[in-house]
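Trainee: Here you go, this is start_19.pdb (PDB, C-alpha atoms).
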ATOM      1  CA  MET A  20      12.222 -12.584  27.488
ATOM      2  CA  PRO A  21      15.178 -10.455  26.304
ATOM      3  CA  ALA A  22      14.744  -8.209  29.356
ATOM      4  CA  LEU A  23      14.568 -11.208  31.704
ATOM      5  CA  ASP A  24      17.689 -12.726  30.145
ATOM      6  CA  ALA A  25      19.582  -9.421  30.301
ATOM      7  CA  LEU A  26      18.712  -8.829  33.969
ATOM      8  CA  HIS A  27      19.720 -12.377  34.849
ATOM      9  CA  ALA A  28      22.991 -12.133  32.901
ATOM     10  CA  ALA A  29      23.803  -8.829  34.632
ATOM     11  CA  GLY A  30      23.770 -10.609  37.984
ATOM     12  CA  HIS A  31      20.672  -9.061  39.524
ATOM     13  CA  GLU A  32      18.906 -11.128  42.168
ATOM     14  CA  ILE A  33      15.531 -11.945  40.602
ATOM     15  CA  ILE A  34      13.270 -12.988  43.479
ATOM     16  CA  GLY A  35      10.162 -13.544  41.379
ATOM     17  CA  VAL A  36       8.863 -13.536  37.827
ATOM     18  CA  TYR A  37       5.215 -12.549  37.324
ATOM     19  CA  THR A  38       3.580 -13.588  34.063
ATOM     20  CA  GLN A  39       0.192 -14.461  32.613
ATOM     21  CA  PRO A  40      -1.526 -17.721  33.673
ATOM     22  CA  ASP A  41      -1.136 -20.785  31.462
ATOM     23  CA  ARG A  42      -3.361 -20.566  28.373
ATOM     24  CA  PRO A  43      -4.686 -23.158  25.891
ATOM     25  CA  ALA A  44      -2.389 -23.439  22.870
ATOM     26  CA  GLY A  45      -1.877 -25.588  19.799
ATOM     27  CA  ARG A  46      -4.328 -27.886  18.063
ATOM     28  CA  GLY A  47      -4.978 -29.841  21.253
ATOM     29  CA  ARG A  48      -5.642 -26.605  23.207
ATOM     30  CA  LYS A  49      -3.402 -27.889  25.978
ATOM     31  CA  LEU A  50      -2.690 -25.491  28.847
ATOM     32  CA  THR A  51       0.742 -24.055  28.098
ATOM     33  CA  PRO A  52       2.960 -21.724  30.167
ATOM     34  CA  SER A  53       3.878 -18.384  28.608
ATOM     35  CA  PRO A  54       7.337 -18.140  26.995
ATOM     36  CA  VAL A  55       8.415 -16.011  29.962
ATOM     37  CA  ALA A  56       7.278 -18.689  32.409
ATOM     38  CA  GLN A  57       9.154 -21.342  30.446
ATOM     39  CA  ARG A  58      12.328 -19.249  30.434
ATOM     40  CA  ALA A  59      12.005 -18.538  34.173
ATOM     41  CA  ALA A  60      11.752 -22.287  34.816
ATOM     42  CA  GLN A  61      14.937 -22.856  32.804
ATOM     43  CA  LEU A  62      16.667 -20.253  34.987
ATOM     44  CA  SER A  63      15.210 -21.834  38.188
ATOM     45  CA  LEU A  64      13.428 -18.593  39.092
ATOM     46  CA  PRO A  65      10.240 -18.509  41.218
ATOM     47  CA  THR A  66       7.247 -17.851  38.965
ATOM     48  CA  PHE A  67       3.846 -16.381  39.850
ATOM     49  CA  LYS A  68       0.781 -16.392  37.581
ATOM     50  CA  PRO A  69      -2.127 -14.582  39.241
ATOM     51  CA  GLU A  70      -5.238 -13.954  37.153
ATOM     52  CA  LYS A  71      -5.529 -10.540  38.814
ATOM     53  CA  LEU A  72      -3.346  -8.473  41.120
ATOM     54  CA  ARG A  73      -5.565  -8.054  44.146
ATOM     55  CA  GLY A  74      -6.079  -9.459  47.631
ATOM     56  CA  ASP A  75      -3.869 -12.477  48.375
ATOM     57  CA  ALA A  76      -1.815 -11.895  45.209
ATOM     58  CA  ILE A  77      -0.779  -8.458  46.477
ATOM     59  CA  GLU A  78       0.096  -9.859  49.894
ATOM     60  CA  ALA A  79       2.240 -12.577  48.283
ATOM     61  CA  LEU A  80       4.057  -9.937  46.265
ATOM     62  CA  ARG A  81       4.562  -7.746  49.336
ATOM     63  CA  ALA A  82       6.058 -10.727  51.198
ATOM     64  CA  LEU A  83       8.833 -10.961  48.583
ATOM     65  CA  LYS A  84      10.060  -7.497  49.679
ATOM     66  CA  PRO A  85      11.320  -6.434  46.236
ATOM     67  CA  GLU A  86      13.667  -3.462  45.961
ATOM     68  CA  VAL A  87      12.516  -2.708  42.423
ATOM     69  CA  MET A  88      10.006  -4.162  39.965
ATOM     70  CA  ILE A  89      10.566  -4.256  36.196
ATOM     71  CA  VAL A  90       7.427  -4.318  34.058
ATOM     72  CA  VAL A  91       7.461  -5.377  30.412
ATOM     73  CA  ALA A  92       4.165  -5.776  28.500
ATOM     74  CA  TYR A  93       2.641  -7.542  31.492
ATOM     75  CA  GLY A  94      -0.972  -7.232  30.369
ATOM     76  CA  LEU A  95      -2.505  -6.215  33.698
ATOM     77  CA  ILE A  96      -2.983  -2.773  35.202
ATOM     78  CA  LEU A  97      -0.914  -2.410  38.379
ATOM     79  CA  PRO A  98      -3.001  -0.866  41.173
ATOM     80  CA  GLN A  99      -1.443   1.767  43.419
ATOM     81  CA  ALA A 100      -1.091  -0.812  46.212
ATOM     82  CA  VAL A 101       1.288  -2.763  43.958
ATOM     83  CA  LEU A 102       3.181   0.317  42.738
ATOM     84  CA  ASP A 103       3.894   1.217  46.373
ATOM     85  CA  ILE A 104       5.484  -2.139  47.285
ATOM     86  CA  PRO A 105       9.078  -1.926  45.927
ATOM     87  CA  THR A 106      11.371   0.451  47.801
ATOM     88  CA  HIS A 107      12.773   1.859  44.527
ATOM     89  CA  GLY A 108       9.483   1.807  42.634
ATOM     90  CA  CYS A 109       8.229   0.109  39.473
ATOM     91  CA  ILE A 110      10.172   0.660  36.256
ATOM     92  CA  ASN A 111       8.485   0.095  32.892
ATOM     93  CA  ILE A 112      10.056  -0.682  29.521
ATOM     94  CA  HIS A 113       7.730   0.988  27.011
ATOM     95  CA  ALA A 114       8.067   0.474  23.259
ATOM     96  CA  SER A 115       7.661   4.059  22.083
ATOM     97  CA  LEU A 116       9.131   7.515  22.533
ATOM     98  CA  LEU A 117       6.788   8.832  25.186
ATOM     99  CA  PRO A 118       4.487  10.685  25.373
ATOM    100  CA  ARG A 119       3.721   9.475  21.821
ATOM    101  CA  TRP A 120       1.874   6.157  21.758
ATOM    102  CA  ARG A 121       1.017   5.499  25.353
ATOM    103  CA  GLY A 122      -1.069   2.363  25.690
ATOM    104  CA  ALA A 123      -1.362  -1.220  24.521
ATOM    105  CA  ALA A 124      -0.208  -1.255  20.887
ATOM    106  CA  PRO A 125       2.544   1.352  20.385
ATOM    107  CA  ILE A 126       4.482  -0.676  17.798
ATOM    108  CA  GLN A 127       1.549  -1.291  15.456
ATOM    109  CA  ARG A 128       0.189   2.243  15.845
ATOM    110  CA  ALA A 129       3.553   3.782  14.976
ATOM    111  CA  ILE A 130       3.699   1.814  11.711
ATOM    112  CA  LEU A 131       0.041   2.525  10.880
ATOM    113  CA  ALA A 132       0.618   6.247  11.378
ATOM    114  CA  GLY A 133       3.628   6.259   9.063
ATOM    115  CA  ASP A 134       6.068   7.288  11.794
ATOM    116  CA  ARG A 135       9.669   7.287  10.591
ATOM    117  CA  GLU A 136      11.098   6.527  14.023
ATOM    118  CA  THR A 137      10.124   5.128  17.376
ATOM    119  CA  GLY A 138      12.135   3.813  20.309
ATOM    120  CA  VAL A 139      12.154   2.637  23.896
ATOM    121  CA  THR A 140      11.416   4.701  26.987
ATOM    122  CA  ILE A 141      12.406   3.543  30.460
ATOM    123  CA  MET A 142       9.989   5.205  32.875
ATOM    124  CA  ARG A 143       8.918   5.196  36.488
ATOM    125  CA  MET A 144       5.349   3.977  36.734
ATOM    126  CA  ASP A 145       2.556   5.963  38.330
ATOM    127  CA  ALA A 146      -1.201   5.492  38.547
ATOM    128  CA  GLY A 147      -1.740   6.794  34.992
ATOM    129  CA  LEU A 148      -1.426   4.808  31.777
ATOM    130  CA  ASP A 149       2.208   5.233  30.694
ATOM    131  CA  THR A 150       2.264   8.754  32.143
ATOM    132  CA  GLY A 151       5.135   8.444  34.629
ATOM    133  CA  PRO A 152       8.432  10.346  34.532
ATOM    134  CA  MET A 153      11.082   9.194  32.054
ATOM    135  CA  LEU A 154      14.533   7.888  32.990
ATOM    136  CA  LEU A 155      16.067   6.870  29.651
ATOM    137  CA  ALA A 156      15.015   6.860  26.007
ATOM    138  CA  LYS A 157      16.612   5.809  22.745
ATOM    139  CA  LYS A 158      15.395   6.122  19.160
ATOM    140  CA  ILE A 159      15.261   3.541  16.396
ATOM    141  CA  ALA A 160      14.336   4.037  12.734
ATOM    142  CA  ILE A 161      11.266   2.463  11.127
ATOM    143  CA  GLY A 162      12.187   1.294   7.629
ATOM    144  CA  ASP A 163       9.904   1.327   4.592
ATOM    145  CA  ASP A 164       9.532  -2.473   4.788
ATOM    146  CA  THR A 165       9.694  -2.963   8.566
ATOM    147  CA  THR A 166       6.963  -5.216   9.967
ATOM    148  CA  ALA A 167       5.584  -5.079  13.491
ATOM    149  CA  GLY A 168       7.320  -8.383  14.254
ATOM    150  CA  GLU A 169      10.703  -7.090  13.108
ATOM    151  CA  LEU A 170      10.265  -3.828  14.997
ATOM    152  CA  MET A 171       9.195  -5.676  18.139
ATOM    153  CA  SER A 172      12.354  -7.803  18.040
ATOM    154  CA  ALA A 173      14.559  -4.735  17.630
ATOM    155  CA  LEU A 174      12.801  -2.836  20.420
ATOM    156  CA  SER A 175      12.925  -5.861  22.739
ATOM    157  CA  ALA A 176      16.697  -6.054  22.341
ATOM    158  CA  LEU A 177      17.049  -2.298  22.837
ATOM    159  CA  GLY A 178      14.779  -2.346  25.897
ATOM    160  CA  ALA A 179      16.794  -5.165  27.461
ATOM    161  CA  LYS A 180      19.980  -3.163  27.052
ATOM    162  CA  LEU A 181      18.465   0.049  28.418
ATOM    163  CA  ILE A 182      16.904  -1.547  31.512
ATOM    164  CA  VAL A 183      20.281  -2.913  32.612
ATOM    165  CA  GLU A 184      21.772   0.555  32.154
ATOM    166  CA  ALA A 185      18.870   2.154  34.031
ATOM    167  CA  LEU A 186      19.253  -0.160  37.033
ATOM    168  CA  HIS A 187      22.998   0.456  37.108
ATOM    169  CA  ARG A 188      22.359   4.226  37.281
ATOM    170  CA  LEU A 189      19.069   4.179  39.182
ATOM    171  CA  ASP A 190      20.269   6.267  42.117
ATOM    172  CA  THR A 191      21.592   9.058  39.873
ATOM    173  CA  LEU A 192      19.250   9.094  36.863
ATOM    174  CA  PRO A 193      17.037  12.207  36.795
ATOM    175  CA  ALA A 194      13.343  11.483  36.283
ATOM    176  CA  ALA A 195      12.004  13.897  33.649
ATOM    177  CA  PRO A 196       8.247  14.567  33.553
ATOM    178  CA  GLN A 197       6.641  13.769  30.219
ATOM    179  CA  PRO A 198       5.828  16.838  28.121
ATOM    180  CA  ALA A 199       2.166  17.711  27.810
ATOM    181  CA  GLN A 200       2.394  18.202  24.040
ATOM    182  CA  GLY A 201       2.605  15.293  21.623
ATOM    183  CA  ALA A 202       0.768  12.726  23.751
ATOM    184  CA  THR A 203      -1.124  10.078  21.762
ATOM    185  CA  TYR A 204      -2.823   6.854  22.786
ATOM    186  CA  ALA A 205      -2.166   3.483  21.119
ATOM    187  CA  HIS A 206      -5.462   1.643  21.353
ATOM    188  CA  LYS A 207      -5.405  -2.150  21.459
ATOM    189  CA  ILE A 208      -5.576  -3.725  18.007
ATOM    190  CA  ASP A 209      -9.017  -5.036  17.066
ATOM    191  CA  LYS A 210      -8.969  -8.016  14.694
ATOM    192  CA  GLU A 211     -11.527  -6.304  12.462
ATOM    193  CA  GLU A 212      -8.970  -3.565  11.758
ATOM    194  CA  ALA A 213      -6.979  -6.137   9.789
ATOM    195  CA  ARG A 214      -9.702  -6.362   7.135
ATOM    196  CA  VAL A 215      -8.459  -4.329   4.169
ATOM    197  CA  ASP A 216     -10.518  -1.301   3.144
ATOM    198  CA  TRP A 217      -9.680  -0.915  -0.542
ATOM    199  CA  GLN A 218     -11.099   2.621  -0.599
ATOM    200  CA  ARG A 219      -8.050   3.742   1.382
ATOM    201  CA  SER A 220      -4.784   4.739  -0.259
ATOM    202  CA  ALA A 221      -2.209   2.142  -1.255
ATOM    203  CA  ASP A 222       0.259   3.666   1.181
ATOM    204  CA  GLU A 223      -2.163   3.302   4.109
ATOM    205  CA  ILE A 224      -2.961  -0.305   3.206
ATOM    206  CA  ALA A 225       0.713  -1.197   2.793
ATOM    207  CA  ARG A 226       1.390   0.190   6.271
ATOM    208  CA  ALA A 227      -1.498  -1.891   7.634
ATOM    209  CA  VAL A 228      -0.041  -5.049   6.070
ATOM    210  CA  ARG A 229       3.256  -4.374   7.856
ATOM    211  CA  ALA A 230       1.597  -3.342  11.130
ATOM    212  CA  PHE A 231      -0.515  -6.509  11.302
ATOM    213  CA  ASN A 232       2.360  -8.889  10.547
ATOM    214  CA  PRO A 233       2.753 -11.296  12.368
ATOM    215  CA  VAL A 234      -0.678 -10.839  13.999
ATOM    216  CA  PRO A 235      -3.525 -10.547  13.224
ATOM    217  CA  ILE A 236      -2.469 -10.449   9.496
ATOM    218  CA  ALA A 237      -4.238  -8.197   6.991
ATOM    219  CA  TRP A 238      -6.934  -9.943   4.952
ATOM    220  CA  SER A 239      -9.651  -9.518   2.379
ATOM    221  CA  GLU A 240     -12.299 -11.703   0.737
ATOM    222  CA  LEU A 241     -12.341 -12.827  -2.883
ATOM    223  CA  ASP A 242     -15.594 -14.568  -3.843
ATOM    224  CA  GLY A 243     -16.085 -15.675  -0.237
ATOM    225  CA  GLU A 244     -12.506 -16.887   0.194
ATOM    226  CA  ARG A 245     -10.469 -15.142   2.876
ATOM    227  CA  VAL A 246      -7.010 -14.237   1.572
ATOM    228  CA  ARG A 247      -4.326 -13.054   3.994
ATOM    229  CA  PHE A 248      -1.615 -10.592   2.973
ATOM    230  CA  HIS A 249       1.797 -11.072   4.597
ATOM    231  CA  ALA A 250       3.849  -8.611   2.556
ATOM    232  CA  ALA A 251       3.020  -5.760   0.189
ATOM    233  CA  ARG A 252       4.134  -2.329  -0.923
ATOM    234  CA  ALA A 253       2.438   0.713  -2.372
ATOM    235  CA  LEU A 254       2.495   1.638  -6.062
ATOM    236  CA  THR A 255       1.752   5.308  -6.556
ATOM    237  CA  GLY A 256       0.361   7.132  -9.560
ATOM    238  CA  ARG A 257      -2.785   6.820 -11.605
ATOM    239  CA  VAL A 258      -4.172   3.315 -12.012
ATOM    240  CA  GLY A 259      -7.309   1.913 -13.598
ATOM    241  CA  GLY A 260      -9.905  -0.371 -12.099
ATOM    242  CA  GLU A 261     -12.191  -0.175  -9.116
ATOM    243  CA  PRO A 262     -10.800  -0.372  -5.558
ATOM    244  CA  GLY A 263     -10.085  -4.028  -4.788
ATOM    245  CA  GLN A 264      -9.806  -5.070  -8.447
ATOM    246  CA  VAL A 265      -6.814  -7.180  -9.510
ATOM    247  CA  LEU A 266      -4.931  -5.147 -12.109
ATOM    248  CA  ASP A 267      -1.984  -7.381 -12.875
ATOM    249  CA  VAL A 268      -0.484 -10.732 -11.907
ATOM    250  CA  GLY A 269       3.229 -10.901 -12.631
ATOM    251  CA  ASP A 270       6.674 -11.825 -11.399
ATOM    252  CA  ARG A 271       6.774  -8.789  -9.092
ATOM    253  CA  GLY A 272       3.513  -9.712  -7.398
ATOM    254  CA  ILE A 273      -0.215  -9.101  -7.613
ATOM    255  CA  ALA A 274      -1.270  -5.482  -8.188
ATOM    256  CA  ILE A 275      -4.631  -4.515  -6.688
ATOM    257  CA  ALA A 276      -6.348  -1.158  -7.202
ATOM    258  CA  CYS A 277      -6.877   1.044  -4.134
ATOM    259  CA  GLY A 278      -8.670   4.310  -3.514
ATOM    260  CA  ASP A 279      -5.398   6.005  -4.441
ATOM    261  CA  GLY A 280      -2.670   4.051  -6.206
ATOM    262  CA  ALA A 281      -2.323   0.272  -6.136
ATOM    263  CA  LEU A 282      -1.101  -2.327  -3.677
ATOM    264  CA  LEU A 283       1.559  -4.750  -4.911
ATOM    265  CA  VAL A 284       1.095  -7.921  -2.848
ATOM    266  CA  THR A 285       4.298  -9.961  -2.749
ATOM    267  CA  GLN A 286       3.343 -12.658  -0.222
ATOM    268  CA  LEU A 287      -0.105 -14.048   0.534
ATOM    269  CA  GLN A 288      -1.905 -17.010   2.054
ATOM    270  CA  ARG A 289      -5.071 -18.823   0.976
ATOM    271  CA  PRO A 290      -7.313 -20.765   3.389
ATOM    272  CA  GLY A 291      -5.729 -24.043   4.452
ATOM    273  CA  GLY A 292      -2.418 -23.158   2.852
ATOM    274  CA  LYS A 293       0.805 -21.500   3.917
ATOM    275  CA  ALA A 294       2.170 -18.075   3.097
ATOM    276  CA  LEU A 295       3.715 -18.079  -0.374
ATOM    277  CA  ALA A 296       5.362 -15.620  -2.722
ATOM    278  CA  SER A 297       2.525 -14.137  -4.752
ATOM    279  CA  GLN A 298       3.762 -15.489  -8.075
ATOM    280  CA  ASP A 299       3.738 -19.014  -6.594
ATOM    281  CA  ALA A 300       0.335 -18.584  -4.968
ATOM    282  CA  ALA A 301      -1.139 -17.275  -8.235
ATOM    283  CA  ARG A 302      -0.246 -20.349 -10.301
ATOM    284  CA  GLY A 303      -3.451 -21.986 -11.505
ATOM    285  CA  TRP A 304      -5.521 -19.278  -9.838
ATOM    286  CA  ASN A 305      -7.566 -17.152 -12.203
ATOM    287  CA  LEU A 306      -7.189 -13.693 -10.685
ATOM    288  CA  ALA A 307      -7.075 -11.221 -13.570
ATOM    289  CA  GLY A 308      -9.926  -8.705 -13.358
ATOM    290  CA  ARG A 309     -11.459 -10.199 -10.210
ATOM    291  CA  ARG A 310     -12.234  -7.931  -7.289
ATOM    292  CA  PHE A 311     -11.547  -8.249  -3.573
ATOM    293  CA  THR A 312     -14.377  -6.994  -1.367
TER     294      THR A 312
END
Spit out the file's structure as structure tokens when you get a sec.

Mentor:
Amino acid sequence: MPALDALHAAGHEIIGVYTQPDRPAGRGRKLTPSPVAQRAAQLSLPTFKPEKLRGDAIEALRALKPEVMIVVAYGLILPQAVLDIPTHGCINIHASLLPRWRGAAPIQRAILAGDRETGVTIMRMDAGLDTGPMLLAKKIAIGDDTTAGELMSALSALGAKLIVEALHRLDTLPAAPQPAQGATYAHKIDKEEARVDWQRSADEIARAVRAFNPVPIAWSELDGERVRFHAARALTGRVGGEPGQVLDVGDRGIAIACGDGALLVTQLQRPGGKALASQDAARGWNLAGRRFT
């Protein structure tokens, strides 16, 4: 949405907005347009929602005669027949410093890996997966407490700014091939990855808590009850207890032993409840000495 708003505000003629089909949402599972579709409707822009880009959908796109196509986390692979349609090609806003973290989940993978910086790359698309030549790139720091949601917001704003600049300079920007060294692939996040493995180090688990916030949210079971962790930080040094064991419940949070160090959980959520500061969630909850599995 930030990219769509920025392109519209810059005065570009947007002849079509392609987004995912309406999906069930909310408690009633009512078919709901994507946020991008809703914003396009507010801007009175033609919207297209094909399930797949093939056959008639490609012909409809070709009939629009676009000069350039901007792609932002679209969710579908663009076949070569689509890439060949716009006269000035397809330009992608990718949320990493390519060639590091090509693929579906660059923001989460950067946090999980402990990267200290990431950024946005504006690139020309080719048939490969995020392998095309680069037009612009800008770095952004990843803080010690930065969540995936916070980083996504920052990168969305940066990407919106860079795509306007890239279009303004499109005829003169050199397209630099991606270097062969340093390429990594950001696999799609599997929900099972969000289950905490207490044998891992506290630092790794703390990064996972940040990477999986706001979705799918890190979690663990305590006597059959699924507890979700929204915020936590690592405590280093020697600690007692078995991995997963609650070491302390205090004003700072709930300390849980890990394979190396301890995790200080500062915000958590119990089934049927909302996310609370740990000291509030722990009231009336006998945690001392119990062990998460």

Trainee: Could you state which residues are captured by the PyMOL selection byres ((chain A and resi 310) around 8) in this file, as a PyMOL selection string?

Mentor: chain A and resi 241+261-265+308-309+311-312

Trainee: Would you work out the distance separating CA of Leu117 (chain A) from CA of Thr140 (chain A), expressed in Å to one decimal?

Mentor: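 CA of Thr140 (chain A) lies 6.5 Å from CA of Leu117 (chain A).
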
Trainee: If I take CA of Ala123 (chain A) and CA of Gln288 (chain A), how far is one from the other in Å, to one decimal?

Mentor: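 A separation of 27.5 Å between them.
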
Trainee: Residues picked by the PyMOL selection byres ((chain A and resi 69) around 8) here, as a PyMOL selection string?

Mentor: chain A and resi 37-40+67-68+70-72+76

Trainee: Separation of CA of Pro290 (chain A) and CA of Arg302 (chain A), in Å?

Mentor: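 Result for CA of Pro290 (chain A) versus CA of Arg302 (chain A): 15.4 Å, one decimal.
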
Trainee: Exactly which residues make up the result of the PyMOL selection byres ((chain A and resi 237) around 8) on this file, given as a ChimeraX atom specification?

Mentor: /A:213-215,227-228,231-232,235-236,238-239,247-249

Trainee: Keeping only C-alpha atoms, write the selected residues as a CSV table (one decimal), in the frame of the given file.

Mentor:
chain,number,residue,atom,x,y,z
A,213,ALA,CA,-7.0,-6.1,9.8
A,214,ARG,CA,-9.7,-6.4,7.1
A,215,VAL,CA,-8.5,-4.3,4.2
A,227,ALA,CA,-1.5,-1.9,7.6
A,228,VAL,CA,0.0,-5.0,6.1
A,231,PHE,CA,-0.5,-6.5,11.3
A,232,ASN,CA,2.4,-8.9,10.5
A,235,PRO,CA,-3.5,-10.5,13.2
A,236,ILE,CA,-2.5,-10.4,9.5
A,238,TRP,CA,-6.9,-9.9,5.0
A,239,SER,CA,-9.7,-9.5,2.4
A,247,ARG,CA,-4.3,-13.1,4.0
A,248,PHE,CA,-1.6,-10.6,3.0
A,249,HIS,CA,1.8,-11.1,4.6

Trainee: Using all atoms listed in the file, can you list as a list in words the residues within 10 Å of (-1.2, -8.7, 24.3)?

Mentor: Ala92, Tyr93, Gly94, Leu95, Ala123, Ala124, Lys207 and Ile208 of chain A

Trainee: Counting all atoms listed in the file, which residue out of A:Ala82, A:Pro52, A:Pro118, A:Gly108 sits closest to Gln200 (chain A)?

Mentor: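 Looking at the shortest contact to Gln200 (chain A), the residue is A:Pro118.
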
Trainee: Taking into account all atoms listed in the file, which residue in the set A:Leu295, A:Ala225, A:Ala173, A:Ala79 is nearest to Leu282 (chain A)?

Mentor: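 Using all atoms listed in the file, Leu282 (chain A) sits closest to A:Ala225.
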
Trainee: Between A:Glu184, A:Asp75, A:Asp149, A:Glu86, which one has atoms that come closest to Pro196 (chain A), using only C-alpha atoms?

Mentor: A:Asp149

Trainee: For Ser53 (chain A), work out the shell of residues within 10 Å, counting all atoms listed in the file and skipping chain neighbours fewer than 2 positions away, then give it as a PDB file with C-alpha atoms, in the coordinates of the input.

Mentor:
ATOM      1  CA  THR A  38       3.580 -13.588  34.063  1.00  0.00           C
ATOM      2  CA  GLN A  39       0.192 -14.461  32.613  1.00  0.00           C
ATOM      3  CA  PRO A  40      -1.526 -17.721  33.673  1.00  0.00           C
ATOM      4  CA  ASP A  41      -1.136 -20.785  31.462  1.00  0.00           C
ATOM      5  CA  ARG A  42      -3.361 -20.566  28.373  1.00  0.00           C
ATOM      6  CA  ALA A  44      -2.389 -23.439  22.870  1.00  0.00           C
ATOM      7  CA  LEU A  50      -2.690 -25.491  28.847  1.00  0.00           C
ATOM      8  CA  THR A  51       0.742 -24.055  28.098  1.00  0.00           C
ATOM      9  CA  VAL A  55       8.415 -16.011  29.962  1.00  0.00           C
ATOM     10  CA  ALA A  56       7.278 -18.689  32.409  1.00  0.00           C
ATOM     11  CA  GLN A  57       9.154 -21.342  30.446  1.00  0.00           C
ATOM     12  CA  ARG A  58      12.328 -19.249  30.434  1.00  0.00           C
ATOM     13  CA  ALA A  59      12.005 -18.538  34.173  1.00  0.00           C
ATOM     14  CA  LYS A  68       0.781 -16.392  37.581  1.00  0.00           C
TER      15      LYS A  68
END

Trainee: Using all atoms listed in the file for the distances, tell me which of A:Leu186, A:Met88, A:Ala29, A:Leu80 is nearest to Thr106 (chain A).

Mentor: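 Closest residue, counting all atoms listed in the file: A:Met88.
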
Trainee: Given only C-alpha atoms as the basis, pick out the residue of A:Ala221, A:Ile141, A:Asp163, A:Lys210 nearest to Leu189 (chain A).

Mentor: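 Closest to Leu189 (chain A), using only C-alpha atoms: A:Ile141.
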
Trainee: Have a look at A:Ala307, A:Ala100, A:Leu287, A:Ala25 and name the one nearest to Arg245 (chain A); count only C-alpha atoms.

Mentor: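 Of A:Ala307, A:Ala100, A:Leu287, A:Ala25, the one nearest Arg245 (chain A) is A:Leu287, counting only C-alpha atoms.
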
Trainee: Give as a PyMOL selection string every residue, naming chains and numbers as the document does, that has an atom within 10 Å of (9.9, 1.0, 15.9), counting all atoms listed in the file.

Mentor: chain A and resi 114-116+125-130+134-139+158-162+165-174

Trainee: Do you know which residues are at most 10 Å from Ile273 (chain A) counting only C-alpha atoms, after dropping those on the same chain fewer than 3 positions away, and could you put them as a short mmCIF file (atom, residue, chain, number, x, y, z; two decimals) with C-alpha atoms, in the coordinates of the input?

Mentor:
data_model
loop_
_atom_site.label_atom_id
_atom_site.label_comp_id
_atom_site.auth_asym_id
_atom_site.auth_seq_id
_atom_site.Cartn_x
_atom_site.Cartn_y
_atom_site.Cartn_z
CA ALA A 251 3.02 -5.76 0.19
CA VAL A 265 -6.81 -7.18 -9.51
CA LEU A 266 -4.93 -5.15 -12.11
CA ASP A 267 -1.98 -7.38 -12.88
CA VAL A 268 -0.48 -10.73 -11.91
CA GLY A 269 3.23 -10.90 -12.63
CA ASP A 270 6.67 -11.82 -11.40
CA ALA A 281 -2.32 0.27 -6.14
CA LEU A 282 -1.10 -2.33 -3.68
CA LEU A 283 1.56 -4.75 -4.91
CA VAL A 284 1.10 -7.92 -2.85
CA THR A 285 4.30 -9.96 -2.75
CA GLN A 286 3.34 -12.66 -0.22
CA LEU A 287 -0.10 -14.05 0.53
CA ALA A 296 5.36 -15.62 -2.72
CA SER A 297 2.52 -14.14 -4.75
CA GLN A 298 3.76 -15.49 -8.07
CA ALA A 300 0.34 -18.58 -4.97
CA ALA A 301 -1.14 -17.27 -8.24
CA LEU A 306 -7.19 -13.69 -10.68
CA ALA A 307 -7.08 -11.22 -13.57
#

Trainee: Within 7 Å of Pro65 (chain A), counting all atoms listed in the file, which residues qualify if same-chain residues fewer than 5 places away don't, as a list in words?

Mentor: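 The contact residues come out as Ile34, Gly35 and Val36 of chain A.
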